[in-house]
Amino acid sequence: MATLDDALRLDGRRAIVTGGARGIGLAIGRLLAARGARVMLADVDADGCASAAAELGPDVRSTGADVRSSDDVARLVAATADAFGGVDLLVNNAGVEIAKPFVETEEEELARVLDINVKGVFLATKHAAPAMIATGGGAIVNIASIASLNGAPLLAAYAASKAAVLQLTRVAAIELRGAGIRVNAVCPGLVQTAMYDDLRAPIEGAAGMSLDAVVAAKQGRPGTPEEIADAVAFLASDAAPFTVGAHYVVDGGLTASLF
Ligand SMILES: NC(=O)c1ccc[n+]([C@@H]2O[C@H](COP(=O)([O-])OP(=O)(O)OC[C@H]3O[C@@H](n4cnc5c(N)ncnc54)[C@H](O)[C@@H]3O)[C@@H](O)[C@H]2O)c1
């Protein structure tokens, strides 16, 4: 009988991870490779991505790609299929945050966040799904956020974008289920990455207390990129065959509590 460890293996799977140069994306790339997948890390930071891939070994490659560009994303999918013979997994992780009062958020700032966080997921899914279908299906995991589920001060653009990521997840899941592609999302709480550090000044200004104190009160401690990668690798694997259009909250209990 197959064990859970067997079902979690990703041997032979061919994966794309966007935003893979650092933070959560890098941890996802590392874990997918450790479970047996071949991984293409893609990022606007082409150099960061290349050093990450070099560190992770021969089964991990990299390419520069801006998820806002249809041409870049098409090249990314083609390069992955060329390098590995197909595409089975897509992790839509690339994302940016802005923390600003609602009325001070400029139109251009809103547009940038929506372009990267929403259009990026849309384009990568649109281009990768046909490649997955060509070889029998696969799995897509979108990195959403607890800001997909609840509001918070300063997060108008970000929360709107991440709510849209959940809706893209659900629609793609239903449309692609028949083609053998499972689409799901992970909603991380606050996770210790560069994005977390960028939140420090605006959140501390608004809350009047340190970000670490806010996080300690709300979710016990910051999450680690590896804890998010574990959830992604589970959803990407054969251990989750009936999990479709779902979101998996990994937030230390933040969204479970009223206070
Ligand atoms: N860190 C958190 O607390 C947290 C919480 C919830 C959700 N998330 C989400 O997790 C994902 C990863 O965040 P992180 O904390 O690792 O952030 P990060 O800033 O450390 O890494 C994001 C990566 O995405 C890349 N990127 C940005 N714009 C891109 C573009 N247009 N095309 C391709 N790559 C691009 C960056 O170069 C960077 O390598 C994001 O979608 C973020 O919204 C993070």
# chains A, B, ... in the order shown; residues from 1 in each chain; ligands from 1

$ closest_atom_pairs --of "chain A" --to "ligand 1" --cutoff "7 Å" --atoms "only C-alpha atoms and all ligand atoms" --output "CSV"
residue,atom,partner,partner_atom_place_in_ligand_line,distance
A:Thr18,CA,ligand 1,34 (N),5.8
A:Gly19,CA,ligand 1,24 (O),3.5
A:Gly20,CA,ligand 1,39 (O),5.7
A:Ala21,CA,ligand 1,39 (O),4.4
A:Arg22,CA,ligand 1,39 (O),4.8
A:Gly23,CA,ligand 1,16 (O),3.5
A:Ile24,CA,ligand 1,16 (O),3.8
A:Gly25,CA,ligand 1,16 (O),5.6
A:Ala42,CA,ligand 1,33 (C),6.5
A:Asp43,CA,ligand 1,34 (N),3.8
A:Val44,CA,ligand 1,33 (C),4.4
A:Asp45,CA,ligand 1,37 (O),4.9
A:Ala65,CA,ligand 1,33 (C),5.6
A:Asp66,CA,ligand 1,32 (N),3.5
A:Val67,CA,ligand 1,32 (N),4.1
A:Arg68,CA,ligand 1,31 (N),5.5
A:Asn93,CA,ligand 1,41 (O),4.6
A:Ala94,CA,ligand 1,24 (O),3.9
A:Gly95,CA,ligand 1,41 (O),3.5
A:Val96,CA,ligand 1,43 (O),5.4
A:Glu97,CA,ligand 1,43 (O),6.1
A:Ile116,CA,ligand 1,31 (N),5.0
A:Asn117,CA,ligand 1,41 (O),6.7
A:Ile143,CA,ligand 1,41 (O),5.3
A:Ala144,CA,ligand 1,7 (C),5.7
A:Ser145,CA,ligand 1,6 (C),4.2
A:Ile146,CA,ligand 1,6 (C),6.3
A:Cys187,CA,ligand 1,6 (C),6.3
A:Pro188,CA,ligand 1,6 (C),4.3
A:Gly189,CA,ligand 1,5 (C),5.1
A:Leu190,CA,ligand 1,3 (O),3.5
A:Val191,CA,ligand 1,3 (O),3.7
A:Gln192,CA,ligand 1,1 (N),5.8
A:Thr193,CA,ligand 1,15 (O),4.8
A:Ala194,CA,ligand 1,20 (O),4.4
A:Met195,CA,ligand 1,19 (O),4.5
A:Tyr196,CA,ligand 1,1 (N),5.0

$ residues_around --residues "Ala34 (chain A)" --least-positions-apart "5" --cutoff "10 Å" --atoms "only C-alpha atoms" --output "list in words"
Arg9, Leu10, Asp11, Ile28, Gly29, Leu56 and Asp59 of chain A

$ closest_atom_pairs --of "region 34-133 of chain A" --to "region 201-209 of chain A" --cutoff "12 Å" --atoms "only C-alpha atoms" --output "CSV"
residue,atom,partner,partner_atom,distance
A:Glu97,CA,A:Pro202,CA,11.6
A:Ile98,CA,A:Pro202,CA,9.3
A:Ala99,CA,A:Pro202,CA,6.3
A:Lys100,CA,A:Pro202,CA,7.1
A:Pro101,CA,A:Ala206,CA,9.1

$ write_last_selection --atoms "C-alpha atoms" --output "short mmCIF file (atom, residue, chain, number, x, y, z; two decimals), in the first residue's frame"
data_model
loop_
_atom_site.label_atom_id
_atom_site.label_comp_id
_atom_site.auth_asym_id
_atom_site.auth_seq_id
_atom_site.Cartn_x
_atom_site.Cartn_y
_atom_site.Cartn_z
CA GLU A 97 2.72 44.26 -1.59
CA ILE A 98 2.01 47.88 -0.90
CA ALA A 99 0.92 49.13 2.52
CA LYS A 100 -0.55 52.61 2.26
CA PRO A 101 -3.65 54.40 3.48
#

$ residues_around --residues "region 159-174 of chain A" --least-positions-apart "2" --cutoff "9 Å" --atoms "only C-alpha atoms" --output "count of residues only"
38

$ select_by_dssp --residues "region 2-67 of chain A" --states "alpha helix (DSSP H)" --output "mmCIF file with N, CA and C atoms, in the first residue's frame"
data_model
loop_
_atom_site.group_PDB
_atom_site.id
_atom_site.type_symbol
_atom_site.label_atom_id
_atom_site.label_comp_id
_atom_site.auth_asym_id
_atom_site.auth_seq_id
_atom_site.Cartn_x
_atom_site.Cartn_y
_atom_site.Cartn_z
ATOM 1 N N LEU A 4 1.818 7.857 2.859
ATOM 2 C CA LEU A 4 1.712 9.301 2.645
ATOM 3 C C LEU A 4 3.018 9.830 2.064
ATOM 4 N N ASP A 5 4.139 9.296 2.547
ATOM 5 C CA ASP A 5 5.433 9.747 2.008
ATOM 6 C C ASP A 5 5.523 9.480 0.511
ATOM 7 N N ASP A 6 5.009 8.311 0.079
ATOM 8 C CA ASP A 6 5.024 7.997 -1.362
ATOM 9 C C ASP A 6 4.180 9.012 -2.125
ATOM 10 N N ALA A 7 2.987 9.290 -1.585
ATOM 11 C CA ALA A 7 2.061 10.187 -2.288
ATOM 12 C C ALA A 7 2.617 11.608 -2.379
ATOM 13 N N LEU A 8 3.449 11.972 -1.415
ATOM 14 C CA LEU A 8 4.015 13.328 -1.417
ATOM 15 C C LEU A 8 5.195 13.479 -2.379
ATOM 16 N N GLY A 23 12.772 34.221 -0.794
ATOM 17 C CA GLY A 23 11.581 34.155 0.050
ATOM 18 C C GLY A 23 10.801 32.852 -0.108
ATOM 19 N N ILE A 24 9.491 32.989 -0.153
ATOM 20 C CA ILE A 24 8.610 31.814 -0.193
ATOM 21 C C ILE A 24 8.824 31.028 -1.483
ATOM 22 N N GLY A 25 9.001 31.720 -2.609
ATOM 23 C CA GLY A 25 9.195 31.030 -3.893
ATOM 24 C C GLY A 25 10.439 30.169 -3.892
ATOM 25 N N LEU A 26 11.502 30.681 -3.310
ATOM 26 C CA LEU A 26 12.747 29.909 -3.246
ATOM 27 C C LEU A 26 12.561 28.668 -2.360
ATOM 28 N N ALA A 27 11.871 28.833 -1.241
ATOM 29 C CA ALA A 27 11.625 27.675 -0.356
ATOM 30 C C ALA A 27 10.766 26.634 -1.073
ATOM 31 N N ILE A 28 9.813 27.100 -1.882
ATOM 32 C CA ILE A 28 8.969 26.162 -2.640
ATOM 33 C C ILE A 28 9.831 25.410 -3.663
ATOM 34 N N GLY A 29 10.670 26.142 -4.385
ATOM 35 C CA GLY A 29 11.544 25.498 -5.373
ATOM 36 C C GLY A 29 12.434 24.452 -4.724
ATOM 37 N N ARG A 30 12.974 24.802 -3.566
ATOM 38 C CA ARG A 30 13.878 23.886 -2.861
ATOM 39 C C ARG A 30 13.136 22.608 -2.457
ATOM 40 N N LEU A 31 11.920 22.771 -1.928
ATOM 41 C CA LEU A 31 11.182 21.593 -1.445
ATOM 42 C C LEU A 31 10.695 20.725 -2.613
ATOM 43 N N LEU A 32 10.198 21.354 -3.678
ATOM 44 C CA LEU A 32 9.745 20.552 -4.826
ATOM 45 C C LEU A 32 10.915 19.732 -5.370
ATOM 46 N N ALA A 33 12.091 20.353 -5.458
ATOM 47 C CA ALA A 33 13.264 19.625 -5.954
ATOM 48 C C ALA A 33 13.639 18.495 -4.993
ATOM 49 N N ALA A 34 13.557 18.763 -3.686
ATOM 50 C CA ALA A 34 13.893 17.723 -2.702
ATOM 51 C C ALA A 34 12.925 16.549 -2.789
ATOM 52 N N ALA A 46 16.512 38.135 -12.566
ATOM 53 C CA ALA A 46 17.096 36.992 -13.283
ATOM 54 C C ALA A 46 18.382 36.513 -12.607
ATOM 55 N N ASP A 47 19.177 37.454 -12.093
ATOM 56 C CA ASP A 47 20.448 37.058 -11.473
ATOM 57 C C ASP A 47 20.213 36.311 -10.166
ATOM 58 N N GLY A 48 19.284 36.834 -9.367
ATOM 59 C CA GLY A 48 18.969 36.187 -8.084
ATOM 60 C C GLY A 48 18.452 34.780 -8.322
ATOM 61 N N CYS A 49 17.663 34.669 -9.340
ATOM 62 C CA CYS A 49 17.072 33.395 -9.700
ATOM 63 C C CYS A 49 18.147 32.401 -10.166
ATOM 64 N N ALA A 50 19.105 32.922 -10.946
ATOM 65 C CA ALA A 50 20.175 32.056 -11.454
ATOM 66 C C ALA A 50 21.043 31.564 -10.294
ATOM 67 N N SER A 51 21.363 32.448 -9.328
ATOM 68 C CA SER A 51 22.194 31.969 -8.205
ATOM 69 C C SER A 51 21.426 30.974 -7.360
ATOM 70 N N ALA A 52 20.118 31.211 -7.197
ATOM 71 C CA ALA A 52 19.325 30.265 -6.403
ATOM 72 C C ALA A 52 19.333 28.894 -7.084
ATOM 73 N N ALA A 53 19.132 28.887 -8.396
ATOM 74 C CA ALA A 53 19.083 27.620 -9.126
ATOM 75 C C ALA A 53 20.425 26.901 -9.028
ATOM 76 N N ALA A 54 21.524 27.674 -9.158
ATOM 77 C CA ALA A 54 22.853 27.061 -9.109
ATOM 78 C C ALA A 54 23.067 26.394 -7.746
ATOM 79 N N GLU A 55 22.549 27.034 -6.705
ATOM 80 C CA GLU A 55 22.706 26.494 -5.352
ATOM 81 C C GLU A 55 21.879 25.222 -5.153
ATOM 82 N N LEU A 56 20.741 25.144 -5.815
ATOM 83 C CA LEU A 56 19.830 24.020 -5.567
ATOM 84 C C LEU A 56 20.182 22.768 -6.369
#

$ select_by_dssp --residues "region 29-244 of chain A" --states "strand (DSSP E or B)" --output "PyMOL selection string"
chain A and resi 38-43+60-64+89-92+138-143+181-188+191+223

$ closest_residue --among "A:Ala236, A:Glu108, A:Arg221, A:Ala128" --to "Ala37 (chain A)" --atoms "only C-alpha atoms"
A:Ala236
